[in-house]
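S.K.: Can you keep this structure in mind? I'll have questions shortly.
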Amino acid sequence: MDKKKHIVLIVTLSILILACSGFSFAEDRSYSIPSLNMDLYLQNDGSIHVKETIHYSFSGTYNGVYRDLPLRNGQILQNVKVSTQGAYSSQEIIDQGTNKQIKIYLYSDEAKTSPISNKDVDVTIEYDLLQVLRFYNDVAELQYKLVGEGWAVPIGQLNAKIHVPSSEGVKYWINPPYYSKNSGWQGNTLEITSETIPSGDYLEVRMAIPKSQFSNNPTNGTIINQDALGQIEQIQNNYQNQLNFKSTLYSILSILMILAIFVPVIIYFRYGREPKIDYQAEYERDIPTDDPPALVNAICGPGFSKKIGEPDMDGFKATIMDLIDRKYLLMEKEPASMEGYGVDDSMFLKVNPGKDKSSLKGFELDILNFLEEFEEDGLISLDQISAELSDRETAKAFRETYNNWKADIKDRFLSDDQLKKIFLKKGDNYLKIFAVAGIIVAVVVFFFAITDPLPAAGYPLLASIILGIVSIISLLLPEKIAGQWTTYGEEYDAKWHNFKKYIKDFSLIKEYPPESVTIWNKYLVYATALGAADAVRKAMELYVPSDQLEGSDIYMFHYYGGYALLSSSLDTGIATASSGSGGDFGGIGDIGGGDLGGGGGAF
């Protein structure tokens, strides 16, 4: 029985796989129209005989093709004939109101039972059009879309021939002209060869023909009692002037945008080059200044896009480490009486009641007050902080504390006047203004250029992409690139950079080790502010005796995961707090207002 079930299961799965494969194969198909040949014969009575040969190339299985012919204002389609080469066919004409659809079914066999698959087919359609030629008081006009906007795929090449009674006195225009590869008279036939015409666009021919080439009473044309030649010429001249203006505008825009990409370089050379200083040391063994670690972080903290004078989470954690090092916060073991938090390796902090908090600065009190909110029975559980900062409301409260902490640091140490003694932001401000303006210009130009088939639009399209990339890079560049250190700020940053290099280089520390665990503790505090805490902790393990390490609260805090847990908790808090947050008859047609055109596709 089990064996039968397995067989049934295998057969079922095989059928499903084959069915899915068949569906996939059925869907994996495409077609193209490499070329379209068209002949228009303008008859003496005003009617037009049209012959189209559409060359299809099919990949996959298709049932047939269709040709849409839109009619308007009394126009008539008649005498439709269809023939095919490369396939058997049948057809029907579907009346869709103002649109006539010629639906052509294609078969691979004479019995017409199997659709075509993976072959090239030529479909020839002939038909007569009435009331399409317009007869004005002064000229006859043909305004005809040889290719309309309704084709489902691009037309690789159009080869059109417009046969007129005589070429003498005939004026013609091709709209838009940039799709025309060649055009000219061969006797009384205007021959037009096109470039590839994208799907959704059109190619139109317009002719002003002497009325004398037709009968005095063209019964199958549309009679309009007004003069037209002057208006037709004016419309075409305006259209050409518009194209010329757009081409010139695109050229100017392209040049300006290319020139604009050098603006960041100019800003850098004007405002971003650093002053020369006499400081030449390769590294710093001693802590360069006695500034609070949060201030060092604000000025010299890690990160590519770090803003000068903006403290971040490394500075926040360094301040907690500093409070531990200065004994304002004490490490405590887990009490047996405490229930509900942690396991054997849980970590607790305690605010030292023997230390006078009145000597602390405002940004340090911000942190103590934040930690005391989690105090229970005199102890602060890091596990509890981690758990509660996953709550959105608690996380929002922490974010407010964090923002207040940053504001207090900047108010005390980094007001605008104080920061100017360290770093000048003028160049970076200019660079960011350029970046925002450049992105806006690039997006606007890109949008207009990519939707405009005018060949000249290709230049601003490329220039807008380049400008957009340069602008985005400029927006992301750190302040240090276009901004400028003062002499004091350059030396300050260089000293702390060299100190960081020293504490991260084990060979340097081995050669010149700190003299006591107290200094190591200070190193660990400032390394946290500089984003290098792990390197200092590992160095301590190598070069500080184990009995001294065990007496270092700050090392033990880091070693037993307090620092990692605190980092994860605070980062989670910030992330949680931030989450959620054409012309009609009776007038002169405009460009693109030609008759017929339509389109087609395959099914």
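Order determines the names: the first chain of the structure tokens is A, the second B, and so forth; residues in each chain are numbered 1 upward, and ligands are numbered 1 upward as they are shown.
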Write out as JSON, numbers by chain all residues of stretch 175-297 of chain A that backbone DSSP assigns to strand (DSSP E).

M.R.: {"A": [175, 180, 181, 182, 183, 184, 185, 186, 189, 190, 191, 192, 193, 194, 203, 204, 205, 206, 207, 208, 209, 210, 222, 223]}

S.K.: Tell me, counting only C-alpha atoms, for each residue of stretch 458-480 of chain A within 9 Å of stretch 256-271 of chain A, which pair of atoms is nearest and how far apart they are in Å to one decimal, in rows ordered by chain and increasing number, as a tab-separated table.

M.R.:
```
residue	atom	partner	partner_atom	distance
A:Pro460	CA	A:Met257	CA	7.9
A:Ala463	CA	A:Met257	CA	6.1
A:Ser464	CA	A:Met257	CA	6.9
A:Ile466	CA	A:Ile258	CA	7.8
A:Leu467	CA	A:Ile261	CA	5.9
A:Val470	CA	A:Ile261	CA	6.3
A:Ser471	CA	A:Ile261	CA	7.9
A:Ser474	CA	A:Pro264	CA	7.2
```

S.K.: Filtering to N, CA, C and O atoms, could you give me those residues as an mmCIF file, in the first residue's frame?

M.R.:
```cif
data_model
loop_
_atom_site.group_PDB
_atom_site.id
_atom_site.type_symbol
_atom_site.label_atom_id
_atom_site.label_comp_id
_atom_site.auth_asym_id
_atom_site.auth_seq_id
_atom_site.Cartn_x
_atom_site.Cartn_y
_atom_site.Cartn_z
ATOM 1 N N PRO A 460 21.505 65.520 -22.580
ATOM 2 C CA PRO A 460 21.164 65.872 -21.193
ATOM 3 C C PRO A 460 20.794 64.655 -20.354
ATOM 4 O O PRO A 460 20.949 64.674 -19.138
ATOM 5 N N ALA A 463 24.105 63.504 -19.205
ATOM 6 C CA ALA A 463 24.657 64.502 -18.283
ATOM 7 C C ALA A 463 23.902 64.502 -16.953
ATOM 8 O O ALA A 463 24.500 64.689 -15.888
ATOM 9 N N SER A 464 22.578 64.284 -17.000
ATOM 10 C CA SER A 464 21.799 64.273 -15.752
ATOM 11 C C SER A 464 22.168 63.082 -14.884
ATOM 12 O O SER A 464 22.186 63.179 -13.656
ATOM 13 N N ILE A 466 25.159 61.633 -14.802
ATOM 14 C CA ILE A 466 26.469 61.951 -14.228
ATOM 15 C C ILE A 466 26.317 62.964 -13.094
ATOM 16 O O ILE A 466 26.885 62.797 -12.004
ATOM 17 N N LEU A 467 25.524 64.014 -13.356
ATOM 18 C CA LEU A 467 25.316 65.038 -12.317
ATOM 19 C C LEU A 467 24.637 64.436 -11.097
ATOM 20 O O LEU A 467 24.983 64.765 -9.947
ATOM 21 N N VAL A 470 27.233 62.468 -9.087
ATOM 22 C CA VAL A 470 28.142 63.387 -8.391
ATOM 23 C C VAL A 470 27.419 64.067 -7.222
ATOM 24 O O VAL A 470 27.984 64.237 -6.132
ATOM 25 N N SER A 471 26.162 64.444 -7.424
ATOM 26 C CA SER A 471 25.401 65.124 -6.375
ATOM 27 C C SER A 471 25.132 64.197 -5.194
ATOM 28 O O SER A 471 25.234 64.616 -4.031
ATOM 29 N N SER A 474 28.273 63.819 -3.319
ATOM 30 C CA SER A 474 28.531 65.053 -2.567
ATOM 31 C C SER A 474 27.675 65.120 -1.309
ATOM 32 O O SER A 474 28.115 65.598 -0.264
#
```

S.K.: I want to know what sits within 12 Å of A:Met540, based on only C-alpha atoms, with residues of the same chain fewer than 3 positions away left out; could you give that as a PDB file with N, CA and C atoms, in the first residue's frame?

M.R.:
```pdb
ATOM      1  N   ILE A 503      46.628  52.775  20.331  1.00  0.00           N
ATOM      2  CA  ILE A 503      45.893  51.778  21.117  1.00  0.00           C
ATOM      3  C   ILE A 503      45.415  50.603  20.261  1.00  0.00           C
ATOM      4  N   LYS A 504      45.412  50.739  18.955  1.00  0.00           N
ATOM      5  CA  LYS A 504      44.999  49.636  18.085  1.00  0.00           C
ATOM      6  C   LYS A 504      46.186  48.817  17.596  1.00  0.00           C
ATOM      7  N   PHE A 506      49.061  46.529  18.542  1.00  0.00           N
ATOM      8  CA  PHE A 506      49.571  45.707  19.635  1.00  0.00           C
ATOM      9  C   PHE A 506      51.085  45.819  19.783  1.00  0.00           C
ATOM     10  N   ILE A 509      51.867  49.000  21.714  1.00  0.00           N
ATOM     11  CA  ILE A 509      51.510  48.876  23.125  1.00  0.00           C
ATOM     12  C   ILE A 509      52.495  47.954  23.841  1.00  0.00           C
ATOM     13  N   LYS A 510      52.908  46.901  23.149  1.00  0.00           N
ATOM     14  CA  LYS A 510      53.878  45.983  23.752  1.00  0.00           C
ATOM     15  C   LYS A 510      55.205  46.692  24.038  1.00  0.00           C
ATOM     16  N   PRO A 513      54.033  50.025  26.944  1.00  0.00           N
ATOM     17  CA  PRO A 513      52.779  49.738  27.650  1.00  0.00           C
ATOM     18  C   PRO A 513      52.457  50.817  28.677  1.00  0.00           C
ATOM     19  N   PRO A 514      51.155  51.012  28.970  1.00  0.00           N
ATOM     20  CA  PRO A 514      50.773  51.934  30.045  1.00  0.00           C
ATOM     21  C   PRO A 514      51.368  51.468  31.383  1.00  0.00           C
ATOM     22  N   GLU A 515      51.538  52.415  32.269  1.00  0.00           N
ATOM     23  CA  GLU A 515      52.249  52.113  33.521  1.00  0.00           C
ATOM     24  C   GLU A 515      51.355  51.482  34.580  1.00  0.00           C
ATOM     25  N   SER A 516      50.030  51.611  34.471  1.00  0.00           N
ATOM     26  CA  SER A 516      49.159  51.066  35.511  1.00  0.00           C
ATOM     27  C   SER A 516      47.809  50.715  34.925  1.00  0.00           C
ATOM     28  N   VAL A 517      47.065  49.882  35.680  1.00  0.00           N
ATOM     29  CA  VAL A 517      45.731  49.512  35.227  1.00  0.00           C
ATOM     30  C   VAL A 517      44.806  50.721  35.212  1.00  0.00           C
ATOM     31  N   THR A 518      45.095  51.721  36.022  1.00  0.00           N
ATOM     32  CA  THR A 518      44.287  52.946  36.017  1.00  0.00           C
ATOM     33  C   THR A 518      44.353  53.624  34.652  1.00  0.00           C
ATOM     34  N   ILE A 519      45.542  53.643  34.088  1.00  0.00           N
ATOM     35  CA  ILE A 519      45.695  54.256  32.746  1.00  0.00           C
ATOM     36  C   ILE A 519      45.000  53.389  31.701  1.00  0.00           C
ATOM     37  N   TRP A 520      45.148  52.046  31.875  1.00  0.00           N
ATOM     38  CA  TRP A 520      44.432  51.151  30.955  1.00  0.00           C
ATOM     39  C   TRP A 520      42.930  51.438  30.986  1.00  0.00           C
ATOM     40  N   ASN A 521      42.397  51.664  32.149  1.00  0.00           N
ATOM     41  CA  ASN A 521      40.967  51.955  32.261  1.00  0.00           C
ATOM     42  C   ASN A 521      40.602  53.211  31.482  1.00  0.00           C
ATOM     43  N   LYS A 522      41.462  54.226  31.600  1.00  0.00           N
ATOM     44  CA  LYS A 522      41.221  55.455  30.843  1.00  0.00           C
ATOM     45  C   LYS A 522      41.278  55.176  29.345  1.00  0.00           C
ATOM     46  N   TYR A 523      42.252  54.358  28.955  1.00  0.00           N
ATOM     47  CA  TYR A 523      42.348  53.988  27.548  1.00  0.00           C
ATOM     48  C   TYR A 523      41.043  53.360  27.062  1.00  0.00           C
ATOM     49  N   LEU A 524      40.498  52.471  27.886  1.00  0.00           N
ATOM     50  CA  LEU A 524      39.279  51.763  27.488  1.00  0.00           C
ATOM     51  C   LEU A 524      38.100  52.729  27.339  1.00  0.00           C
ATOM     52  N   ALA A 533      37.146  50.030  21.318  1.00  0.00           N
ATOM     53  CA  ALA A 533      37.146  49.423  22.654  1.00  0.00           C
ATOM     54  C   ALA A 533      37.631  47.978  22.623  1.00  0.00           C
ATOM     55  N   ASP A 534      37.249  47.208  21.626  1.00  0.00           N
ATOM     56  CA  ASP A 534      37.633  45.801  21.580  1.00  0.00           C
ATOM     57  C   ASP A 534      39.144  45.637  21.518  1.00  0.00           C
ATOM     58  N   ALA A 535      39.809  46.522  20.771  1.00  0.00           N
ATOM     59  CA  ALA A 535      41.267  46.419  20.646  1.00  0.00           C
ATOM     60  C   ALA A 535      41.941  46.650  21.988  1.00  0.00           C
ATOM     61  N   VAL A 536      41.471  47.610  22.770  1.00  0.00           N
ATOM     62  CA  VAL A 536      42.078  47.893  24.068  1.00  0.00           C
ATOM     63  C   VAL A 536      41.815  46.751  25.048  1.00  0.00           C
ATOM     64  N   ARG A 537      40.598  46.206  25.028  1.00  0.00           N
ATOM     65  CA  ARG A 537      40.301  45.096  25.939  1.00  0.00           C
ATOM     66  C   ARG A 537      41.211  43.906  25.656  1.00  0.00           C
ATOM     67  N   TYR A 543      48.595  42.122  28.334  1.00  0.00           N
ATOM     68  CA  TYR A 543      49.698  42.804  29.020  1.00  0.00           C
ATOM     69  C   TYR A 543      49.417  43.186  30.477  1.00  0.00           C
ATOM     70  N   VAL A 544      48.202  42.992  30.972  1.00  0.00           N
ATOM     71  CA  VAL A 544      47.879  43.335  32.367  1.00  0.00           C
ATOM     72  C   VAL A 544      47.704  42.049  33.147  1.00  0.00           C
ATOM     73  N   PRO A 545      48.327  41.926  34.296  1.00  0.00           N
ATOM     74  CA  PRO A 545      48.177  40.717  35.123  1.00  0.00           C
ATOM     75  C   PRO A 545      46.716  40.457  35.455  1.00  0.00           C
ATOM     76  N   SER A 546      46.349  39.184  35.535  1.00  0.00           N
ATOM     77  CA  SER A 546      44.948  38.801  35.728  1.00  0.00           C
ATOM     78  C   SER A 546      44.379  39.326  37.036  1.00  0.00           C
ATOM     79  N   ASP A 547      45.202  39.380  38.115  1.00  0.00           N
ATOM     80  CA  ASP A 547      44.676  39.871  39.377  1.00  0.00           C
ATOM     81  C   ASP A 547      44.324  41.352  39.290  1.00  0.00           C
ATOM     82  N   GLN A 548      45.087  42.106  38.487  1.00  0.00           N
ATOM     83  CA  GLN A 548      44.760  43.524  38.300  1.00  0.00           C
ATOM     84  C   GLN A 548      43.514  43.684  37.424  1.00  0.00           C
ATOM     85  N   LEU A 549      43.366  42.800  36.441  1.00  0.00           N
ATOM     86  CA  LEU A 549      42.167  42.866  35.588  1.00  0.00           C
ATOM     87  C   LEU A 549      40.911  42.624  36.414  1.00  0.00           C
ATOM     88  N   GLU A 550      40.971  41.667  37.307  1.00  0.00           N
ATOM     89  CA  GLU A 550      39.799  41.355  38.114  1.00  0.00           C
ATOM     90  C   GLU A 550      39.416  42.506  39.037  1.00  0.00           C
ATOM     91  N   SER A 552      39.504  45.595  38.038  1.00  0.00           N
ATOM     92  CA  SER A 552      39.072  46.709  37.179  1.00  0.00           C
ATOM     93  C   SER A 552      37.604  46.545  36.822  1.00  0.00           C
ATOM     94  N   ILE A 554      35.733  48.448  35.072  1.00  0.00           N
ATOM     95  CA  ILE A 554      35.422  48.801  33.684  1.00  0.00           C
ATOM     96  C   ILE A 554      35.822  47.680  32.735  1.00  0.00           C
ATOM     97  N   TYR A 555      36.954  47.005  33.054  1.00  0.00           N
ATOM     98  CA  TYR A 555      37.336  45.855  32.235  1.00  0.00           C
ATOM     99  C   TYR A 555      36.342  44.725  32.415  1.00  0.00           C
ATOM    100  N   MET A 556      35.992  44.440  33.673  1.00  0.00           N
ATOM    101  CA  MET A 556      35.052  43.357  33.937  1.00  0.00           C
ATOM    102  C   MET A 556      33.694  43.631  33.291  1.00  0.00           C
ATOM    103  N   HIS A 558      33.221  45.208  30.560  1.00  0.00           N
ATOM    104  CA  HIS A 558      33.384  44.923  29.140  1.00  0.00           C
ATOM    105  C   HIS A 558      33.543  43.423  28.909  1.00  0.00           C
ATOM    106  N   TYR A 559      34.360  42.774  29.739  1.00  0.00           N
ATOM    107  CA  TYR A 559      34.696  41.372  29.521  1.00  0.00           C
ATOM    108  C   TYR A 559      33.476  40.459  29.652  1.00  0.00           C
TER     109      TYR A 559
END
```

S.K.: Which is closer to A:Gly427 than all the others in A:Ile308, A:Arg273, A:Gly489, A:Phe245, using only C-alpha atoms?

M.R.: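 The closest residue to A:Gly427 is A:Arg273.
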
S.K.: Work out how far atom CA of A:Thr84 is from atom CA of A:Asn159, in Å to one decimal.

M.R.: 18.4 Å

S.K.: What's around stretch 107-111 of chain A at 8 Å? Count only C-alpha atoms, leave out sequence neighbours fewer than 5 positions away in its own chain, and write the answer as a list of chain:residue names.

M.R.: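 Answer for this query is A:Asn63, A:Gly64, A:Ala87, A:Tyr88, A:Ser89, A:Ile116, A:Ser117.
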
S.K.: Store the residues picked out above, limited to all heavy atoms, as a PDB file, in the first residue's frame.

M.R.:
```pdb
ATOM      1  N   ASN A  63      -1.355  32.462 -32.098  1.00  0.00           N
ATOM      2  CA  ASN A  63      -2.587  32.162 -32.829  1.00  0.00           C
ATOM      3  C   ASN A  63      -2.784  33.081 -34.024  1.00  0.00           C
ATOM      4  O   ASN A  63      -3.467  32.713 -34.981  1.00  0.00           O
ATOM      5  CB  ASN A  63      -3.800  32.280 -31.902  1.00  0.00           C
ATOM      6  CG  ASN A  63      -3.793  31.207 -30.831  1.00  0.00           C
ATOM      7  OD1 ASN A  63      -3.590  30.037 -31.127  1.00  0.00           O
ATOM      8  ND2 ASN A  63      -3.990  31.602 -29.590  1.00  0.00           N
ATOM      9  N   GLY A  64      -2.216  34.291 -33.950  1.00  0.00           N
ATOM     10  CA  GLY A  64      -2.403  35.216 -35.056  1.00  0.00           C
ATOM     11  C   GLY A  64      -1.986  36.621 -34.697  1.00  0.00           C
ATOM     12  O   GLY A  64      -1.308  36.861 -33.689  1.00  0.00           O
ATOM     13  N   ALA A  87       2.549  31.200 -43.815  1.00  0.00           N
ATOM     14  CA  ALA A  87       1.527  30.600 -42.954  1.00  0.00           C
ATOM     15  C   ALA A  87       0.193  30.622 -43.687  1.00  0.00           C
ATOM     16  O   ALA A  87      -0.028  31.428 -44.604  1.00  0.00           O
ATOM     17  CB  ALA A  87       1.406  31.370 -41.643  1.00  0.00           C
ATOM     18  N   TYR A  88      -0.682  29.713 -43.304  1.00  0.00           N
ATOM     19  CA  TYR A  88      -2.063  29.750 -43.782  1.00  0.00           C
ATOM     20  C   TYR A  88      -2.844  30.696 -42.876  1.00  0.00           C
ATOM     21  O   TYR A  88      -2.475  30.925 -41.718  1.00  0.00           O
ATOM     22  CB  TYR A  88      -2.670  28.351 -43.743  1.00  0.00           C
ATOM     23  CG  TYR A  88      -1.950  27.369 -44.638  1.00  0.00           C
ATOM     24  CD1 TYR A  88      -0.937  26.568 -44.117  1.00  0.00           C
ATOM     25  CD2 TYR A  88      -2.274  27.250 -45.989  1.00  0.00           C
ATOM     26  CE1 TYR A  88      -0.255  25.663 -44.921  1.00  0.00           C
ATOM     27  CE2 TYR A  88      -1.608  26.347 -46.808  1.00  0.00           C
ATOM     28  CZ  TYR A  88      -0.592  25.559 -46.272  1.00  0.00           C
ATOM     29  OH  TYR A  88       0.074  24.684 -47.081  1.00  0.00           O
ATOM     30  N   SER A  89      -3.935  31.250 -43.394  1.00  0.00           N
ATOM     31  CA  SER A  89      -4.625  32.272 -42.602  1.00  0.00           C
ATOM     32  C   SER A  89      -6.115  32.316 -42.877  1.00  0.00           C
ATOM     33  O   SER A  89      -6.612  31.825 -43.900  1.00  0.00           O
ATOM     34  CB  SER A  89      -4.029  33.649 -42.893  1.00  0.00           C
ATOM     35  OG  SER A  89      -4.266  34.023 -44.238  1.00  0.00           O
ATOM     36  N   ILE A 116       0.764  28.791 -35.591  1.00  0.00           N
ATOM     37  CA  ILE A 116       2.154  28.906 -36.014  1.00  0.00           C
ATOM     38  C   ILE A 116       3.088  28.886 -34.805  1.00  0.00           C
ATOM     39  O   ILE A 116       2.679  29.194 -33.694  1.00  0.00           O
ATOM     40  CB  ILE A 116       2.394  30.197 -36.823  1.00  0.00           C
ATOM     41  CG1 ILE A 116       2.034  31.415 -35.966  1.00  0.00           C
ATOM     42  CG2 ILE A 116       1.624  30.180 -38.117  1.00  0.00           C
ATOM     43  CD1 ILE A 116       2.550  32.705 -36.526  1.00  0.00           C
ATOM     44  N   SER A 117       4.333  28.522 -35.075  1.00  0.00           N
ATOM     45  CA  SER A 117       5.320  28.478 -33.997  1.00  0.00           C
ATOM     46  C   SER A 117       6.714  28.654 -34.580  1.00  0.00           C
ATOM     47  O   SER A 117       7.072  27.995 -35.556  1.00  0.00           O
ATOM     48  CB  SER A 117       5.216  27.145 -33.246  1.00  0.00           C
ATOM     49  OG  SER A 117       6.154  27.093 -32.190  1.00  0.00           O
TER      50      SER A 117
END
```

S.K.: Write out as number ranges by chain the set of residues from stretch 243-322 of chain A that DSSP, computed on the backbone, places in alpha helix (DSSP H).

M.R.: A: 243-260, 263-267, 293-300, 313-322

S.K.: Which residues of stretch 122-195 of chain A sit at most 8 Å from stretch 201-204 of chain A, using only C-alpha atoms? Give each one's shortest atom pair and distance in Å (one decimal place), in chain and ascending residue order, as CSV.

M.R.:
```
residue,atom,partner,partner_atom,distance
A:Gln143,CA,A:Glu204,CA,7.1
A:Tyr144,CA,A:Glu204,CA,5.6
A:Lys145,CA,A:Glu204,CA,4.1
A:Leu146,CA,A:Glu204,CA,5.6
A:Val147,CA,A:Leu203,CA,5.1
A:Gly148,CA,A:Tyr202,CA,4.7
A:Glu149,CA,A:Asp201,CA,4.7
A:Ile174,CA,A:Glu204,CA,5.7
A:Asn175,CA,A:Glu204,CA,5.0
A:Pro176,CA,A:Leu203,CA,6.3
A:Tyr179,CA,A:Leu203,CA,7.1
```

S.K.: Taking only C-alpha atoms into account, which of A:Ile409, A:Ala437, A:Ile299, A:Ile76 comes nearest A:Lys480?

M.R.: A:Ile299

S.K.: For A:Asp122, list every protein, DNA or RNA residue within 12 Å, evaluated using only C-alpha atoms, and leave out those in the same chain fewer than 6 positions away; present the list as a ChimeraX atom specification.

M.R.: /A:32-37,52-58,64-65,82-89,104,106
